[in-house]
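Structure below is input22.txt: compact mmCIF, C-alpha atoms.
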# COMPACT_ATOMS: atom_id res chain seq x y z
CA MET Z 9 -47.49 -129.12 -130.19
CA PRO Z 10 -48.38 -131.98 -127.86
CA ILE Z 11 -46.14 -135.04 -128.07
CA THR Z 12 -47.41 -137.89 -130.24
CA ASN Z 13 -49.37 -140.84 -128.88
CA GLU Z 14 -46.39 -143.08 -129.68
CA GLN Z 15 -44.09 -140.83 -127.62
CA ALA Z 16 -46.57 -140.76 -124.74
CA GLU Z 17 -46.73 -144.56 -124.71
CA ALA Z 18 -42.93 -144.89 -124.93
CA ASN Z 19 -42.58 -142.45 -122.00
CA VAL Z 20 -44.97 -144.50 -119.87
CA ARG Z 21 -43.08 -147.72 -120.67
CA ARG Z 22 -39.78 -146.03 -119.73
CA TYR Z 23 -41.36 -144.74 -116.52
CA LEU Z 24 -42.56 -148.20 -115.47
CA GLU Z 25 -39.14 -149.66 -116.31
CA LEU Z 26 -37.42 -147.07 -114.10
CA VAL Z 27 -39.94 -147.56 -111.26
CA ALA Z 28 -38.83 -151.21 -111.29
CA THR Z 29 -35.10 -150.82 -111.92
CA GLY Z 30 -34.07 -147.16 -111.66
CA THR Z 31 -33.09 -144.74 -108.93
CA ALA Z 32 -35.36 -142.01 -107.59
CA ALA Z 33 -33.11 -139.48 -109.35
CA GLU Z 34 -33.59 -141.26 -112.68
CA ILE Z 35 -37.37 -141.36 -112.24
CA VAL Z 36 -37.68 -137.72 -111.21
CA ALA Z 37 -35.69 -136.68 -114.30
CA LEU Z 38 -38.76 -137.77 -116.31
CA TYR Z 39 -40.75 -134.98 -114.60
CA ALA Z 40 -40.83 -131.32 -115.57
CA PRO Z 41 -39.15 -129.09 -112.95
CA ASP Z 42 -42.61 -127.87 -111.84
CA GLY Z 43 -44.29 -131.26 -112.35
CA VAL Z 44 -47.12 -132.34 -110.04
CA LEU Z 45 -47.72 -135.81 -108.60
CA GLU Z 46 -51.03 -136.80 -106.95
CA ASP Z 47 -50.86 -140.42 -105.76
CA PRO Z 48 -53.43 -141.47 -104.79
CA VAL Z 49 -55.96 -138.99 -106.18
CA GLY Z 50 -57.40 -137.04 -103.25
CA SER Z 51 -54.07 -136.82 -101.40
CA GLU Z 52 -52.06 -133.61 -101.23
CA PRO Z 53 -50.29 -133.13 -104.58
CA LEU Z 54 -46.49 -133.03 -104.53
CA VAL Z 55 -45.16 -130.13 -106.57
CA GLY Z 56 -41.68 -129.95 -108.06
CA ARG Z 57 -38.83 -132.38 -108.48
CA GLU Z 58 -37.54 -132.25 -104.90
CA ALA Z 59 -40.89 -133.28 -103.39
CA ILE Z 60 -41.43 -135.87 -106.12
CA GLN Z 61 -37.99 -137.39 -105.63
CA GLY Z 62 -38.85 -137.94 -101.95
CA PHE Z 63 -41.88 -139.96 -103.04
CA TYR Z 64 -39.86 -142.32 -105.23
CA ALA Z 65 -36.98 -142.53 -102.75
CA THR Z 66 -39.18 -144.70 -100.51
CA LEU Z 67 -39.32 -147.32 -103.29
CA GLU Z 68 -35.58 -147.28 -103.98
CA PRO Z 69 -34.49 -149.85 -101.37
CA MET Z 70 -37.34 -152.24 -102.26
CA LYS Z 71 -37.51 -154.88 -104.95
CA VAL Z 72 -40.16 -153.67 -107.38
CA THR Z 73 -41.62 -155.24 -110.52
CA THR Z 74 -44.06 -153.53 -112.88
CA GLU Z 75 -46.14 -154.66 -115.84
CA LEU Z 76 -48.20 -152.51 -118.19
CA LEU Z 77 -51.70 -153.96 -118.55
CA ALA Z 78 -53.34 -151.40 -120.85
CA ILE Z 79 -52.64 -147.92 -122.16
CA ARG Z 80 -54.58 -145.30 -124.11
CA ALA Z 81 -52.91 -142.14 -125.40
CA SER Z 82 -54.57 -138.96 -126.61
CA GLY Z 83 -53.77 -135.25 -126.87
CA GLY Z 84 -50.31 -135.35 -125.29
CA GLU Z 85 -51.51 -137.50 -122.40
CA ALA Z 86 -51.71 -141.18 -121.56
CA ALA Z 87 -53.95 -143.15 -119.23
CA PHE Z 88 -52.78 -146.59 -118.21
CA HIS Z 89 -53.49 -149.57 -116.00
CA PHE Z 90 -50.53 -151.41 -114.57
CA HIS Z 91 -49.46 -154.05 -112.11
CA ILE Z 92 -46.87 -153.33 -109.44
CA GLU Z 93 -45.39 -155.65 -106.83
CA THR Z 94 -43.31 -154.13 -104.07
CA ASP Z 95 -41.29 -156.34 -101.74
CA THR Z 96 -41.24 -154.32 -98.54
CA GLY Z 97 -39.10 -156.87 -96.70
CA ALA Z 98 -42.14 -157.74 -94.53
CA GLY Z 99 -44.16 -159.01 -97.51
CA VAL Z 100 -45.06 -158.23 -101.09
CA ALA Z 101 -47.63 -155.49 -101.72
CA VAL Z 102 -49.57 -156.06 -104.94
CA LEU Z 103 -51.54 -153.29 -106.64
CA ASP Z 104 -53.04 -152.61 -110.10
CA PRO Z 105 -53.51 -148.81 -110.14
CA MET Z 106 -54.78 -146.64 -112.96
CA GLU Z 107 -52.77 -143.54 -113.73
CA MET Z 108 -52.77 -140.64 -116.11
CA MET Z 109 -49.79 -138.61 -117.23
CA ALA Z 110 -49.83 -135.31 -119.07
CA PHE Z 111 -46.60 -134.40 -120.84
CA ASP Z 112 -45.16 -131.05 -121.83
CA GLU Z 113 -43.86 -130.38 -125.35
CA ASP Z 114 -40.46 -131.82 -124.37
CA GLY Z 115 -42.09 -135.06 -123.21
CA LEU Z 116 -41.53 -134.34 -119.51
CA ILE Z 117 -44.32 -135.26 -117.08
CA ARG Z 118 -46.20 -132.15 -116.00
CA SER Z 119 -48.93 -134.07 -114.16
CA MET Z 120 -49.24 -137.61 -112.84
CA ARG Z 121 -52.38 -138.77 -111.04
CA ALA Z 122 -52.98 -142.29 -109.69
CA TRP Z 123 -56.36 -143.78 -108.81
CA TRP Z 124 -56.31 -146.60 -106.26
CA ASN Z 125 -57.38 -147.12 -102.69
CA ASP Z 126 -56.31 -149.29 -99.78
CA GLY Z 127 -58.98 -151.87 -100.66
CA ASP Z 128 -57.26 -152.48 -104.00
CA MET Z 129 -53.99 -153.56 -102.35
CA THR Z 130 -53.24 -157.14 -101.38
CA PHE Z 131 -50.25 -158.59 -99.55
CA GLY Z 132 -48.75 -161.82 -100.79
CA MET U 5 -66.94 -134.34 -98.40
CA PRO U 6 -66.10 -136.28 -101.57
CA ILE U 7 -68.39 -139.18 -102.37
CA THR U 8 -67.21 -142.61 -101.27
CA ASN U 9 -65.31 -144.98 -103.55
CA GLU U 10 -68.35 -147.29 -103.54
CA GLN U 11 -70.58 -144.42 -104.71
CA ALA U 12 -68.09 -143.46 -107.42
CA GLU U 13 -68.01 -147.04 -108.71
CA ALA U 14 -71.82 -147.32 -108.61
CA ASN U 15 -72.10 -144.06 -110.55
CA VAL U 16 -69.75 -145.32 -113.25
CA ARG U 17 -71.73 -148.58 -113.56
CA ARG U 18 -74.97 -146.60 -113.86
CA TYR U 19 -73.36 -144.35 -116.48
CA LEU U 20 -72.23 -147.30 -118.63
CA GLU U 21 -75.69 -148.88 -118.30
CA LEU U 22 -77.33 -145.66 -119.52
CA VAL U 23 -74.83 -145.22 -122.38
CA ALA U 24 -76.03 -148.64 -123.57
CA THR U 25 -79.75 -148.39 -122.82
CA GLY U 26 -80.71 -144.84 -121.85
CA THR U 27 -81.59 -141.61 -123.60
CA ALA U 28 -79.25 -138.65 -123.96
CA ALA U 29 -81.44 -136.81 -121.44
CA GLU U 30 -81.02 -139.63 -118.91
CA ILE U 31 -77.25 -139.66 -119.38
CA VAL U 32 -76.86 -135.89 -119.13
CA ALA U 33 -78.83 -135.89 -115.86
CA LEU U 34 -75.80 -137.65 -114.34
CA TYR U 35 -73.73 -134.51 -115.03
CA ALA U 36 -73.58 -131.38 -112.89
CA PRO U 37 -75.18 -128.36 -114.63
CA ASP U 38 -71.69 -126.93 -115.27
CA GLY U 39 -70.10 -130.31 -115.93
CA VAL U 40 -67.29 -130.64 -118.47
CA LEU U 41 -66.76 -133.46 -120.98
CA GLU U 42 -63.47 -133.93 -122.89
CA ASP U 43 -63.74 -136.93 -125.22
CA PRO U 44 -61.18 -137.65 -126.52
CA VAL U 45 -58.59 -135.84 -124.37
CA GLY U 46 -57.12 -133.06 -126.50
CA SER U 47 -60.42 -132.15 -128.14
CA GLU U 48 -62.35 -129.01 -127.23
CA PRO U 49 -64.11 -129.65 -123.90
CA LEU U 50 -67.90 -129.44 -123.89
CA VAL U 51 -69.18 -127.35 -121.00
CA GLY U 52 -72.66 -127.60 -119.51
CA ARG U 53 -75.58 -129.98 -119.94
CA GLU U 54 -76.83 -128.62 -123.26
CA ALA U 55 -73.51 -129.16 -125.04
CA ILE U 56 -73.05 -132.52 -123.33
CA GLN U 57 -76.52 -133.72 -124.29
CA GLY U 58 -75.66 -133.03 -127.93
CA PHE U 59 -72.68 -135.36 -127.59
CA TYR U 60 -74.77 -138.27 -126.30
CA ALA U 61 -77.64 -137.58 -128.71
CA THR U 62 -75.49 -138.92 -131.56
CA LEU U 63 -75.40 -142.32 -129.80
CA GLU U 64 -79.15 -142.44 -129.13
CA PRO U 65 -80.28 -143.96 -132.45
CA MET U 66 -77.50 -146.58 -132.42
CA LYS U 67 -77.40 -149.97 -130.75
CA VAL U 68 -74.73 -149.69 -128.06
CA THR U 69 -73.31 -152.26 -125.64
CA THR U 70 -70.85 -151.50 -122.84
CA GLU U 71 -68.81 -153.59 -120.46
CA LEU U 72 -66.72 -152.39 -117.53
CA LEU U 73 -63.25 -153.96 -117.69
CA ALA U 74 -61.56 -152.36 -114.68
CA ILE U 75 -62.18 -149.49 -112.27
CA ARG U 76 -60.20 -147.73 -109.56
CA ALA U 77 -61.80 -145.14 -107.29
CA SER U 78 -60.08 -142.58 -105.09
CA GLY U 79 -60.78 -139.15 -103.60
CA GLY U 80 -64.24 -138.64 -105.11
CA GLU U 81 -63.07 -139.73 -108.57
CA ALA U 82 -62.96 -142.92 -110.59
CA ALA U 83 -60.75 -144.06 -113.46
CA PHE U 84 -62.00 -146.94 -115.55
CA HIS U 85 -61.34 -149.02 -118.62
CA PHE U 86 -64.35 -150.22 -120.57
CA HIS U 87 -65.46 -151.86 -123.78
CA ILE U 88 -68.03 -150.23 -126.03
CA GLU U 89 -69.55 -151.53 -129.26
CA THR U 90 -71.59 -149.11 -131.36
CA ASP U 91 -73.65 -150.36 -134.28
CA THR U 92 -73.63 -147.38 -136.64
CA GLY U 93 -75.80 -149.11 -139.21
CA ALA U 94 -72.78 -149.29 -141.56
CA GLY U 95 -70.81 -151.53 -139.18
CA VAL U 96 -69.92 -152.01 -135.54
CA ALA U 97 -67.29 -149.71 -134.05
CA VAL U 98 -65.38 -151.35 -131.20
CA LEU U 99 -63.34 -149.36 -128.68
CA ASP U 100 -61.85 -149.91 -125.21
CA PRO U 101 -61.30 -146.36 -123.91
CA MET U 102 -59.98 -145.28 -120.53
CA GLU U 103 -61.92 -142.57 -118.76
CA MET U 104 -61.86 -140.62 -115.54
CA MET U 105 -64.82 -139.01 -113.80
CA ALA U 106 -64.69 -136.52 -110.96
CA PHE U 107 -67.90 -136.17 -108.97
CA ASP U 108 -69.27 -133.31 -106.92
CA GLU U 109 -70.57 -133.80 -103.37
CA ASP U 110 -73.99 -134.78 -104.77
CA GLY U 111 -72.44 -137.48 -106.93
CA LEU U 112 -72.96 -135.56 -110.19
CA ILE U 113 -70.19 -135.68 -112.80
CA ARG U 114 -68.23 -132.42 -112.78
CA SER U 115 -65.55 -133.69 -115.18
CA MET U 116 -65.31 -136.61 -117.60
CA ARG U 117 -62.18 -137.16 -119.70
CA ALA U 118 -61.67 -140.05 -122.15
CA TRP U 119 -58.32 -141.25 -123.48
CA TRP U 120 -58.41 -143.05 -126.81
CA ASN U 121 -57.36 -142.37 -130.38
CA ASP U 122 -58.46 -143.43 -133.84
CA GLY U 123 -55.86 -146.21 -133.90
CA ASP U 124 -57.60 -147.86 -130.93
CA MET U 125 -60.89 -148.25 -132.82
CA THR U 126 -61.72 -151.29 -134.92
CA PHE U 127 -64.73 -151.97 -137.14
CA GLY U 128 -66.32 -155.39 -137.05

Reformat the file's structure so that it appears as structure tokens.
Amino acid sequence: MPITNEQAEANVRRYLELVATGTAAEIVALYAPDGVLEDPVGSEPLVGREAIQGFYATLEPMKVTTELLAIRASGGEAAFHFHIETDTGAGVAVLDPMEMMAFDEDGLIRSMRAWWNDGDMTFG
Amino acid sequence: MPITNEQAEANVRRYLELVATGTAAEIVALYAPDGVLEDPVGSEPLVGREAIQGFYATLEPMKVTTELLAIRASGGEAAFHFHIETDTGAGVAVLDPMEMMAFDEDGLIRSMRAWWNDGDMTFG
């Protein structure tokens, strides 16, 4: 049984909260052990929690805020549009990516894909 | 070589224009011969132009308007959020789905997936 649309949306909200306030270990615990992350789409996918934790570890020392702009859930998956500001120390990177997440029956992320390109990013 | 982000965005705009004003045959010509459509995500995917044309044929007699709300392109794909109003004759169905399209090297749609559920639809 796929998770419900309500569960998928709650999982996305928890994910965005942890991207802003959590540790890389807390974020990666949302992924299935063999989860796959492709961010941005077209880059080499990262497979498994160890590789995925390395991705989020780069955000850990930075001040990050996130805001969910829109979400649509269907069939154990969610697509969403969100706003993220990352204070790199040298400036604030601002991006509104679109992502999709597919969840396993336990609600863990088995696939995350993010569509954005360099032209979408601004520095404030 | 994947198509450029500009081409992906232009293809999505052309698609939404044809969903509003074109025939099912015109829309299906945007798909690769072995293209796959999954709308909504979780439903049985339709494979190939004949099956896909049947999907769009149901829209053909209805008055449809579309508006692109947001789009992000990356790696030969695009994700987008759009508004669609469909006058069924018995009322106007209003929906803001999120979709992704992956394009082949010729710019034809090899995969379209749409995230939305019944709770997202309103009737005006």

Next item on the list: Measure the distance from CA of Ala29 in chain U to CA of Pro6 in chain U in Å and round it to one decimal.
Entry: 25.1 Å

Next item on the list: Rank Z:Phe131, Z:Trp124, Z:Phe63, Z:Phe88 by their smallest atom-to-atom distance to Glu13 in chain U, using all atoms listed in the file, and report the top residue only.
Entry: Z:Trp124

Item checked: Atomic distance CA of Glu85 in chain Z - CA of Ala83 in chain U, expressed in Å with one decimal ->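 So the answer is 14.4 Å.
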
Checklist line | Shell of 10 Å around Thr96 in chain Z, all atoms listed in the file, local chain residues under 2 positions omitted, as number ranges by chain | finding: Z: 67, 69-72, 93-94, 98-101

Residues near Glu103 in chain U, anyone? I mean within 12 Å using all atoms listed in the file, not counting same-chain ones fewer than 5 positions away, as a CSV table (one decimal) with C-alpha atoms, keeping the file's coordinate frame.
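Below is the file result05.csv, written as the result:
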chain,number,residue,atom,x,y,z
Z,79,ILE,CA,-52.6,-147.9,-122.2
Z,80,ARG,CA,-54.6,-145.3,-124.1
Z,81,ALA,CA,-52.9,-142.1,-125.4
Z,82,SER,CA,-54.6,-139.0,-126.6
Z,86,ALA,CA,-51.7,-141.2,-121.6
Z,87,ALA,CA,-54.0,-143.2,-119.2
Z,88,PHE,CA,-52.8,-146.6,-118.2
Z,89,HIS,CA,-53.5,-149.6,-116.0
Z,106,MET,CA,-54.8,-146.6,-113.0
Z,107,GLU,CA,-52.8,-143.5,-113.7
Z,108,MET,CA,-52.8,-140.6,-116.1
Z,123,TRP,CA,-56.4,-143.8,-108.8
U,16,VAL,CA,-69.8,-145.3,-113.2
U,19,TYR,CA,-73.4,-144.4,-116.5
U,20,LEU,CA,-72.2,-147.3,-118.6
U,41,LEU,CA,-66.8,-133.5,-121.0
U,42,GLU,CA,-63.5,-133.9,-122.9
U,43,ASP,CA,-63.7,-136.9,-125.2
U,44,PRO,CA,-61.2,-137.6,-126.5
U,45,VAL,CA,-58.6,-135.8,-124.4
U,72,LEU,CA,-66.7,-152.4,-117.5
U,73,LEU,CA,-63.2,-154.0,-117.7
U,74,ALA,CA,-61.6,-152.4,-114.7
U,75,ILE,CA,-62.2,-149.5,-112.3
U,76,ARG,CA,-60.2,-147.7,-109.6
U,77,ALA,CA,-61.8,-145.1,-107.3
U,81,GLU,CA,-63.1,-139.7,-108.6
U,82,ALA,CA,-63.0,-142.9,-110.6
U,83,ALA,CA,-60.8,-144.1,-113.5
U,84,PHE,CA,-62.0,-146.9,-115.6
U,85,HIS,CA,-61.3,-149.0,-118.6
U,86,PHE,CA,-64.4,-150.2,-120.6
U,87,HIS,CA,-65.5,-151.9,-123.8
U,115,SER,CA,-65.6,-133.7,-115.2
U,116,MET,CA,-65.3,-136.6,-117.6
U,117,ARG,CA,-62.2,-137.2,-119.7
U,118,ALA,CA,-61.7,-140.0,-122.2
U,119,TRP,CA,-58.3,-141.2,-123.5
U,120,TRP,CA,-58.4,-143.0,-126.8

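With only C-alpha atoms as the basis for measurement, U:Glu54 is the residue among U:Glu64, U:Glu54, U:Asp122, U:Glu71 that approaches Ala36 in chain U most closely.
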
Next item on the list: Please measure the separation of CA of Glu113 in chain Z and CA of Thr12 in chain Z, giving the value in Å to one decimal.
Entry: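 Those two atoms sit 9.6 Å apart.
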
For range 60-73 of chain U, take all atoms listed in the file, fit an axis-aligned box around them, add 3 Å to each of the six sides, then output centre and edge lengths in Å rounded to one decimal, as lines of an AutoDock Vina configuration file.
center_x = -71.8
center_y = -145.8
center_z = -125.0
size_x = 23.0
size_y = 22.4
size_z = 20.9

Checklist line | Residue among U:Val40, U:Ile7, U:Ile88, U:Val23 lying closest to chain Z, counting all atoms listed in the file | finding: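 Using all atoms listed in the file, chain Z sits closest to U:Ile7.
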
Item checked: Selected residue, from U:Thr126, U:Ser47, U:Asn9, U:Thr25, that lies nearest to Thr70 in chain U when counting only C-alpha atoms -> U:Thr25

Notebook entry, point to check: Of the candidates U:Glu21, U:Glu10, U:Glu48, U:Asp110, which one gets nearest to Thr69 in chain U if we count only C-alpha atoms?
Noted result: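 Closest to Thr69 in chain U of all the choices is U:Glu21.
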
Note to self: For a quick check of understanding, using only C-alpha atoms, which of Z:Met109, Z:Ile35, Z:Ala18, Z:Val102 has the smallest distance to chain U?
What the structure shows: Z:Met109

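Within 6 Å of Ala32 in chain Z, once all atoms listed in the file are used and residues closer than 2 positions along the same chain are dropped, the contacting residues are Glu34, Ile35, Gln61, Tyr64 and Ala65 of chain Z.
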
Next item on the list: Identify, on the basis of only C-alpha atoms, every residue whose closest approach to Gly115 in chain Z does not exceed 8 Å; exclude the query and any residue fewer than 6 positions from it along the same chain; express the result as a list in words.
Entry: Ile11, Gln15, Ala16 and Asn19 of chain Z
